[in-house]
$ cat start.cif   # mmCIF, N, CA and C atoms
data_upload
loop_
_atom_site.label_atom_id
_atom_site.label_comp_id
_atom_site.auth_asym_id
_atom_site.auth_seq_id
_atom_site.Cartn_x
_atom_site.Cartn_y
_atom_site.Cartn_z
N MET A 834 85.10 8.05 -22.11
CA MET A 834 85.63 9.15 -22.87
C MET A 834 84.84 10.40 -22.55
N THR A 835 85.53 11.51 -22.36
CA THR A 835 84.89 12.79 -22.09
C THR A 835 85.05 13.68 -23.30
N THR A 836 83.97 14.35 -23.67
CA THR A 836 84.02 15.27 -24.80
C THR A 836 83.04 16.42 -24.59
N THR A 837 83.31 17.52 -25.28
CA THR A 837 82.46 18.70 -25.22
C THR A 837 82.01 19.05 -26.63
N TYR A 838 80.70 19.29 -26.77
CA TYR A 838 80.17 19.74 -28.06
C TYR A 838 79.67 21.17 -27.89
N ARG A 839 80.03 22.01 -28.84
CA ARG A 839 79.61 23.42 -28.82
C ARG A 839 78.65 23.68 -29.97
N LEU A 840 77.41 23.97 -29.64
CA LEU A 840 76.42 24.36 -30.64
C LEU A 840 76.49 25.88 -30.75
N LEU A 841 77.03 26.36 -31.84
CA LEU A 841 77.22 27.80 -32.05
C LEU A 841 76.74 28.13 -33.46
N ARG A 842 75.53 28.67 -33.57
CA ARG A 842 75.00 29.02 -34.89
C ARG A 842 74.36 30.39 -34.84
N GLN A 843 74.63 31.17 -35.84
CA GLN A 843 74.04 32.51 -35.96
C GLN A 843 73.43 32.61 -37.35
N THR A 844 72.16 32.96 -37.40
CA THR A 844 71.51 33.23 -38.68
C THR A 844 71.02 34.67 -38.66
N SER A 845 70.40 35.09 -39.73
CA SER A 845 69.87 36.45 -39.76
C SER A 845 68.68 36.61 -38.81
N ARG A 846 68.07 35.49 -38.39
CA ARG A 846 66.92 35.55 -37.50
C ARG A 846 67.22 35.17 -36.05
N THR A 847 68.04 34.16 -35.84
CA THR A 847 68.24 33.66 -34.47
C THR A 847 69.68 33.28 -34.20
N SER A 848 69.95 33.14 -32.93
CA SER A 848 71.22 32.58 -32.46
C SER A 848 70.89 31.28 -31.75
N ARG A 849 71.80 30.33 -31.83
CA ARG A 849 71.65 29.06 -31.11
C ARG A 849 72.95 28.80 -30.39
N PHE A 850 72.85 28.58 -29.07
CA PHE A 850 74.05 28.39 -28.28
C PHE A 850 73.79 27.38 -27.16
N ALA A 851 74.65 26.40 -27.06
CA ALA A 851 74.68 25.47 -25.92
C ALA A 851 76.01 24.74 -25.99
N VAL A 852 76.65 24.60 -24.83
CA VAL A 852 77.89 23.86 -24.73
C VAL A 852 77.65 22.75 -23.71
N VAL A 853 77.84 21.50 -24.15
CA VAL A 853 77.55 20.35 -23.29
C VAL A 853 78.76 19.43 -23.23
N THR A 854 79.12 19.03 -22.01
CA THR A 854 80.21 18.08 -21.80
C THR A 854 79.61 16.78 -21.27
N VAL A 855 80.03 15.67 -21.88
CA VAL A 855 79.54 14.36 -21.46
C VAL A 855 80.70 13.40 -21.24
N GLU A 856 80.46 12.42 -20.39
CA GLU A 856 81.35 11.27 -20.22
C GLU A 856 80.58 10.06 -20.72
N VAL A 857 81.17 9.28 -21.61
CA VAL A 857 80.51 8.10 -22.16
C VAL A 857 81.39 6.89 -21.89
N GLU A 858 80.78 5.83 -21.36
CA GLU A 858 81.52 4.60 -21.08
C GLU A 858 80.62 3.40 -21.36
N PRO A 859 81.20 2.26 -21.62
CA PRO A 859 80.40 1.05 -21.88
C PRO A 859 79.53 0.70 -20.68
N SER A 860 78.41 0.05 -20.95
CA SER A 860 77.48 -0.31 -19.90
C SER A 860 76.68 -1.54 -20.33
N ARG A 861 76.03 -2.19 -19.39
CA ARG A 861 75.19 -3.36 -19.72
C ARG A 861 73.89 -2.93 -20.41
N GLY A 862 73.44 -1.75 -20.09
CA GLY A 862 72.22 -1.22 -20.68
C GLY A 862 72.35 0.29 -20.79
N PRO A 863 71.50 0.93 -21.57
CA PRO A 863 71.60 2.38 -21.71
C PRO A 863 71.29 3.07 -20.38
N GLU A 864 72.17 3.99 -19.99
CA GLU A 864 72.00 4.76 -18.76
C GLU A 864 72.30 6.22 -19.04
N VAL A 865 71.53 7.10 -18.40
CA VAL A 865 71.78 8.54 -18.53
C VAL A 865 71.70 9.16 -17.14
N LYS A 866 72.69 9.98 -16.84
CA LYS A 866 72.73 10.69 -15.57
C LYS A 866 73.14 12.13 -15.87
N VAL A 867 72.40 13.09 -15.35
CA VAL A 867 72.74 14.51 -15.54
C VAL A 867 73.21 15.05 -14.20
N THR A 868 74.51 15.33 -14.09
CA THR A 868 75.07 15.86 -12.84
C THR A 868 75.33 17.36 -12.93
N ALA A 869 75.16 17.94 -14.10
CA ALA A 869 75.39 19.37 -14.30
C ALA A 869 74.33 20.17 -13.54
N ALA A 870 74.74 21.30 -13.00
CA ALA A 870 73.82 22.19 -12.30
C ALA A 870 73.12 23.07 -13.33
N VAL A 871 71.88 22.69 -13.69
CA VAL A 871 71.12 23.40 -14.71
C VAL A 871 69.66 23.51 -14.29
N THR A 872 68.88 24.28 -15.05
CA THR A 872 67.46 24.40 -14.79
C THR A 872 66.77 23.06 -15.07
N ALA A 873 65.56 22.91 -14.58
CA ALA A 873 64.81 21.67 -14.81
C ALA A 873 64.59 21.44 -16.30
N ALA A 874 64.30 22.49 -17.05
CA ALA A 874 64.05 22.35 -18.49
C ALA A 874 65.32 21.89 -19.21
N HIS A 875 66.46 22.46 -18.86
CA HIS A 875 67.72 22.07 -19.51
C HIS A 875 68.16 20.67 -19.06
N ARG A 876 67.85 20.32 -17.83
CA ARG A 876 68.14 18.96 -17.34
C ARG A 876 67.34 17.95 -18.16
N ARG A 877 66.06 18.25 -18.39
CA ARG A 877 65.21 17.35 -19.17
C ARG A 877 65.72 17.26 -20.61
N GLU A 878 66.11 18.38 -21.21
CA GLU A 878 66.65 18.36 -22.57
C GLU A 878 67.93 17.54 -22.65
N ALA A 879 68.81 17.69 -21.66
CA ALA A 879 70.06 16.93 -21.66
C ALA A 879 69.77 15.43 -21.56
N ASP A 880 68.86 15.07 -20.67
CA ASP A 880 68.49 13.66 -20.51
C ASP A 880 67.91 13.10 -21.80
N LEU A 881 66.96 13.81 -22.38
CA LEU A 881 66.32 13.33 -23.61
C LEU A 881 67.29 13.32 -24.79
N GLY A 882 68.20 14.29 -24.85
CA GLY A 882 69.19 14.32 -25.92
C GLY A 882 70.14 13.13 -25.86
N ALA A 883 70.57 12.79 -24.65
CA ALA A 883 71.45 11.63 -24.48
C ALA A 883 70.71 10.35 -24.84
N ARG A 884 69.46 10.23 -24.42
CA ARG A 884 68.67 9.04 -24.75
C ARG A 884 68.42 8.95 -26.26
N TRP A 885 68.21 10.09 -26.91
CA TRP A 885 68.03 10.12 -28.37
C TRP A 885 69.27 9.56 -29.06
N ALA A 886 70.44 9.98 -28.60
CA ALA A 886 71.68 9.51 -29.21
C ALA A 886 71.91 8.02 -28.95
N LEU A 887 71.56 7.56 -27.77
CA LEU A 887 71.78 6.15 -27.40
C LEU A 887 70.87 5.18 -28.14
N ARG A 888 69.72 5.64 -28.56
CA ARG A 888 68.75 4.72 -29.17
C ARG A 888 69.23 4.12 -30.48
N SER A 889 70.15 4.79 -31.15
CA SER A 889 70.62 4.29 -32.44
C SER A 889 71.94 3.52 -32.35
N LEU A 890 72.45 3.31 -31.15
CA LEU A 890 73.74 2.63 -31.00
C LEU A 890 73.57 1.12 -30.94
N PRO A 891 74.51 0.39 -31.54
CA PRO A 891 74.43 -1.07 -31.50
C PRO A 891 74.77 -1.64 -30.12
N ALA A 892 75.60 -0.94 -29.34
CA ALA A 892 75.99 -1.39 -28.01
C ALA A 892 75.52 -0.37 -26.97
N ALA A 893 75.26 -0.85 -25.77
CA ALA A 893 74.79 0.03 -24.70
C ALA A 893 75.93 0.90 -24.17
N ALA A 894 75.55 2.05 -23.63
CA ALA A 894 76.53 2.96 -23.05
C ALA A 894 75.91 3.71 -21.89
N LYS A 895 76.76 4.16 -21.00
CA LYS A 895 76.35 5.01 -19.89
C LYS A 895 76.83 6.42 -20.21
N VAL A 896 75.91 7.38 -20.16
CA VAL A 896 76.23 8.78 -20.43
C VAL A 896 76.02 9.59 -19.16
N THR A 897 77.03 10.35 -18.79
CA THR A 897 76.90 11.30 -17.69
C THR A 897 77.12 12.68 -18.26
N VAL A 898 76.11 13.54 -18.13
CA VAL A 898 76.22 14.93 -18.58
C VAL A 898 76.81 15.72 -17.42
N THR A 899 78.05 16.15 -17.57
CA THR A 899 78.77 16.77 -16.47
C THR A 899 78.72 18.29 -16.47
N ASP A 900 78.48 18.89 -17.63
CA ASP A 900 78.46 20.36 -17.69
C ASP A 900 77.57 20.82 -18.83
N VAL A 901 76.80 21.87 -18.57
CA VAL A 901 75.95 22.49 -19.58
C VAL A 901 76.09 24.00 -19.42
N LEU A 902 76.42 24.66 -20.52
CA LEU A 902 76.56 26.11 -20.53
C LEU A 902 75.53 26.68 -21.50
N THR A 903 74.70 27.61 -21.01
CA THR A 903 73.66 28.24 -21.83
C THR A 903 73.65 29.74 -21.55
N THR A 904 72.90 30.48 -22.37
CA THR A 904 72.65 31.90 -22.08
C THR A 904 71.15 32.14 -22.15
N GLU A 905 70.69 33.16 -21.48
CA GLU A 905 69.26 33.47 -21.50
C GLU A 905 68.81 33.96 -22.87
N VAL A 906 69.69 34.60 -23.59
CA VAL A 906 69.33 35.21 -24.87
C VAL A 906 69.49 34.26 -26.05
N ASP A 907 70.59 33.52 -26.10
CA ASP A 907 70.92 32.74 -27.29
C ASP A 907 70.56 31.26 -27.24
N THR A 908 70.18 30.74 -26.08
CA THR A 908 69.83 29.32 -25.97
C THR A 908 68.32 29.18 -26.09
N LEU A 909 67.91 28.45 -27.13
CA LEU A 909 66.49 28.25 -27.40
C LEU A 909 66.08 26.84 -27.00
N THR A 910 64.79 26.59 -26.96
CA THR A 910 64.28 25.25 -26.68
C THR A 910 64.84 24.29 -27.73
N GLY A 911 65.41 23.20 -27.28
CA GLY A 911 65.97 22.19 -28.17
C GLY A 911 67.48 22.27 -28.32
N ASP A 912 68.09 23.40 -27.97
CA ASP A 912 69.54 23.57 -28.15
C ASP A 912 70.34 22.63 -27.25
N VAL A 913 69.95 22.51 -25.99
CA VAL A 913 70.67 21.62 -25.07
C VAL A 913 70.45 20.16 -25.50
N HIS A 914 69.25 19.85 -25.97
CA HIS A 914 68.95 18.51 -26.47
C HIS A 914 69.90 18.15 -27.61
N GLU A 915 70.00 19.03 -28.60
CA GLU A 915 70.86 18.76 -29.74
C GLU A 915 72.33 18.69 -29.34
N ALA A 916 72.80 19.64 -28.54
CA ALA A 916 74.21 19.64 -28.13
C ALA A 916 74.56 18.38 -27.36
N THR A 917 73.64 17.90 -26.53
CA THR A 917 73.89 16.67 -25.77
C THR A 917 73.98 15.46 -26.69
N ALA A 918 73.02 15.33 -27.60
CA ALA A 918 73.04 14.20 -28.54
C ALA A 918 74.32 14.22 -29.36
N ARG A 919 74.70 15.37 -29.84
CA ARG A 919 75.90 15.48 -30.67
C ARG A 919 77.17 15.23 -29.84
N ALA A 920 77.17 15.59 -28.57
CA ALA A 920 78.32 15.31 -27.71
C ALA A 920 78.49 13.80 -27.53
N VAL A 921 77.37 13.09 -27.37
CA VAL A 921 77.44 11.63 -27.22
C VAL A 921 78.00 11.02 -28.50
N TRP A 922 77.46 11.42 -29.65
CA TRP A 922 77.95 10.89 -30.92
C TRP A 922 79.42 11.23 -31.14
N GLN A 923 79.80 12.45 -30.78
CA GLN A 923 81.20 12.88 -30.93
C GLN A 923 82.12 12.02 -30.07
N ALA A 924 81.69 11.73 -28.84
CA ALA A 924 82.49 10.90 -27.93
C ALA A 924 82.69 9.50 -28.50
N LEU A 925 81.72 9.02 -29.25
CA LEU A 925 81.79 7.66 -29.81
C LEU A 925 82.31 7.64 -31.24
N GLY A 926 82.65 8.82 -31.78
CA GLY A 926 83.18 8.89 -33.13
C GLY A 926 82.15 8.62 -34.21
N ILE A 927 80.89 8.96 -33.94
CA ILE A 927 79.80 8.73 -34.89
C ILE A 927 79.45 10.04 -35.59
N GLU A 928 79.42 10.00 -36.92
CA GLU A 928 78.95 11.14 -37.72
C GLU A 928 77.45 10.98 -37.91
N HIS A 929 76.68 11.97 -37.50
CA HIS A 929 75.23 11.88 -37.65
C HIS A 929 74.76 12.92 -38.64
N PRO A 930 74.05 12.49 -39.70
CA PRO A 930 73.68 13.40 -40.78
C PRO A 930 72.54 14.37 -40.47
N THR A 931 71.75 14.11 -39.44
CA THR A 931 70.59 14.95 -39.15
C THR A 931 71.05 16.35 -38.74
N PRO A 932 70.60 17.39 -39.45
CA PRO A 932 71.05 18.74 -39.13
C PRO A 932 70.49 19.27 -37.81
N TYR A 933 69.31 18.83 -37.40
CA TYR A 933 68.73 19.31 -36.15
C TYR A 933 67.88 18.20 -35.57
N VAL A 934 68.28 17.66 -34.43
CA VAL A 934 67.60 16.50 -33.87
C VAL A 934 66.52 16.83 -32.86
N GLY A 935 66.50 18.04 -32.30
CA GLY A 935 65.65 18.38 -31.17
C GLY A 935 64.18 18.08 -31.32
N PHE A 936 63.56 18.60 -32.36
CA PHE A 936 62.12 18.41 -32.46
C PHE A 936 61.73 17.21 -33.30
N GLY A 937 62.67 16.30 -33.53
CA GLY A 937 62.34 15.02 -34.13
C GLY A 937 62.01 14.00 -33.06
N ASP A 938 62.30 14.32 -31.81
CA ASP A 938 62.06 13.43 -30.68
C ASP A 938 60.69 13.73 -30.09
N PRO A 939 59.71 12.81 -30.21
CA PRO A 939 58.37 13.08 -29.71
C PRO A 939 58.34 13.41 -28.21
N ARG A 940 59.24 12.80 -27.43
CA ARG A 940 59.26 13.10 -25.99
C ARG A 940 59.71 14.54 -25.74
N MET A 941 60.62 15.05 -26.59
CA MET A 941 61.07 16.43 -26.47
C MET A 941 59.93 17.39 -26.78
N VAL A 942 59.18 17.10 -27.83
CA VAL A 942 58.03 17.94 -28.20
C VAL A 942 56.98 17.92 -27.09
N ALA A 943 56.67 16.74 -26.59
CA ALA A 943 55.68 16.61 -25.52
C ALA A 943 56.13 17.36 -24.27
N SER A 944 57.40 17.27 -23.94
CA SER A 944 57.95 17.96 -22.78
C SER A 944 57.84 19.47 -22.96
N TRP A 945 58.20 19.94 -24.14
CA TRP A 945 58.13 21.38 -24.43
C TRP A 945 56.69 21.87 -24.35
N LEU A 946 55.75 21.12 -24.93
CA LEU A 946 54.35 21.52 -24.89
C LEU A 946 53.81 21.53 -23.47
N GLU A 947 54.24 20.57 -22.66
CA GLU A 947 53.80 20.52 -21.26
C GLU A 947 54.26 21.77 -20.53
N ASP A 948 55.50 22.18 -20.78
CA ASP A 948 56.01 23.41 -20.15
C ASP A 948 55.25 24.64 -20.62
N MET A 949 54.98 24.70 -21.92
CA MET A 949 54.33 25.88 -22.49
C MET A 949 52.85 25.96 -22.13
N ALA A 950 52.14 24.84 -22.20
CA ALA A 950 50.70 24.85 -22.00
C ALA A 950 50.27 24.34 -20.63
N GLY A 951 51.19 23.71 -19.90
CA GLY A 951 50.84 23.18 -18.59
C GLY A 951 49.98 21.93 -18.65
N ARG A 952 49.92 21.30 -19.80
CA ARG A 952 49.12 20.09 -19.95
C ARG A 952 49.92 19.03 -20.66
N ARG A 953 49.54 17.78 -20.47
CA ARG A 953 50.23 16.67 -21.09
C ARG A 953 49.67 16.41 -22.49
N LEU A 954 50.55 16.16 -23.44
CA LEU A 954 50.15 15.85 -24.80
C LEU A 954 49.71 14.39 -24.87
N GLU A 955 48.49 14.15 -25.31
CA GLU A 955 47.96 12.79 -25.40
C GLU A 955 48.09 12.22 -26.80
N ALA A 956 47.76 13.01 -27.81
CA ALA A 956 47.81 12.53 -29.19
C ALA A 956 47.86 13.72 -30.13
N VAL A 957 48.32 13.45 -31.33
CA VAL A 957 48.39 14.50 -32.34
C VAL A 957 47.80 13.97 -33.63
N THR A 958 46.99 14.80 -34.25
CA THR A 958 46.46 14.47 -35.57
C THR A 958 47.00 15.49 -36.53
N GLU A 959 47.53 15.01 -37.63
CA GLU A 959 48.10 15.93 -38.61
C GLU A 959 47.30 15.84 -39.90
N ALA A 960 47.00 16.99 -40.45
CA ALA A 960 46.31 17.04 -41.74
C ALA A 960 47.13 17.92 -42.67
N ARG A 961 47.32 17.46 -43.88
CA ARG A 961 48.06 18.26 -44.85
C ARG A 961 47.20 18.46 -46.09
N HIS A 962 47.24 19.66 -46.61
CA HIS A 962 46.52 19.98 -47.84
C HIS A 962 47.54 20.50 -48.84
N TRP A 963 47.56 19.91 -49.98
CA TRP A 963 48.50 20.33 -51.02
C TRP A 963 47.71 21.03 -52.12
N TYR A 964 48.17 22.19 -52.44
CA TYR A 964 47.53 22.96 -53.49
C TYR A 964 48.42 23.01 -54.72
N GLY A 965 47.89 22.67 -55.86
CA GLY A 965 48.66 22.71 -57.10
C GLY A 965 48.77 24.15 -57.60
N GLY A 966 49.81 24.40 -58.34
CA GLY A 966 50.00 25.77 -58.80
C GLY A 966 50.17 25.77 -60.22
#

$ encode --input "start.cif" --output "structure tokens"
Amino acid sequence: MTTTYRLLRQTSRTSRFAVVTVEVEPSRGPEVKVTAAVTAAHRREADLGARWALRSLPAAAKVTVTDVLTTEVDTLTGDVHEATARAVWQALGIEHPTPYVGFGDPRMVASWLEDMAGRRLEAVTEARHWYGG
């Protein structure tokens, strides 16, 4: 099945735009192929987005990302990832409640940090302090 998902959001602070077309078919194991002519960063986001969507499926599928449309101004880091994951779910008729999937994927965060800092992320320590009011 072929489907296109359009991520089109405008807020008072930012715009989010990505249009992704995928072909999804049954497979023996999860497979992802990106044939769209895109930048390396968008190729990585499309691959990771498809893998994110496939991880929650009961049956394996093969996903081919055939087209990705972005803009320099309105497409932010994570937009292609989200549009790809949602295109896969849309093709399979799955409603996914998560409003934004991009930075919930540790591989997506690590990939983004590697691009930004030029180094590989090894580990993260999180500390939270709660102040009563």

$ closest_residue --input "start.cif" --among "A:Ala874, A:Val855, A:Leu881, A:Val867" --to "A:Arg940" --atoms "only C-alpha atoms"
A:Leu881

$ closest_residue --input "start.cif" --among "A:Asp880, A:Ser944, A:Gly862, A:Ala873" --to "A:Val898" --atoms "only N, CA and C atoms"
A:Asp880

$ resolve_selection --input "start.cif" --expression "the PyMOL selection byres (((chain A and resi 911-926 and name CA) around 7) and name CA)" --output "VMD selection string"
chain A and resid 834 to 840 849 to 855 857 875 878 to 879 881 to 883 885 to 886 908 to 910 927 to 928 933 to 936

$ atom_distance --input "start.cif" --atom1 "atom CA of A:Val906" --atom2 "atom CA of A:Lys866"
26.4 Å

$ atom_distance --input "start.cif" --atom1 "atom CA of A:Leu902" --atom2 "atom CA of A:Pro930"
24.1 Å

$ closest_residue --input "start.cif" --among "A:Glu858, A:Glu864, A:Asp900, A:Glu905" --to "A:Arg884" --atoms "only C-alpha atoms"
A:Glu864

$ atom_distance --input "start.cif" --atom1 "atom CA of A:Ala892" --atom2 "atom CA of A:Arg876"
24.3 Å

$ select_by_dssp --input "start.cif" --residues "stretch 844-928 of chain A" --states "helix (DSSP H, G or I)" --output "VMD selection string"
chain A and resid 873 to 887 912 to 924

$ closest_residue --input "start.cif" --among "A:Thr897, A:Thr903, A:Thr847, A:Ser889" --to "A:Val865" --atoms "all atoms listed in the file"
A:Thr897

$ closest_residue --input "start.cif" --among "A:Ser860, A:Ser848, A:Thr872, A:Gln843" --to "A:Val901" --atoms "only C-alpha atoms"
A:Thr872

$ axis_aligned_box --input "start.cif" --around "stretch 905-909 of chain A" --padding-each-side "3 Å" --output "JSON"
{"center_x": 68.5, "center_y": 31.0, "center_z": -24.4, "size_x": 10.8, "size_y": 14.4, "size_z": 11.9}

$ select_by_dssp --input "start.cif" --residues "stretch 859-917 of chain A" --states "strand (DSSP E or B)" --output "PyMOL selection string"
chain A and resi 859+864-867+894-902
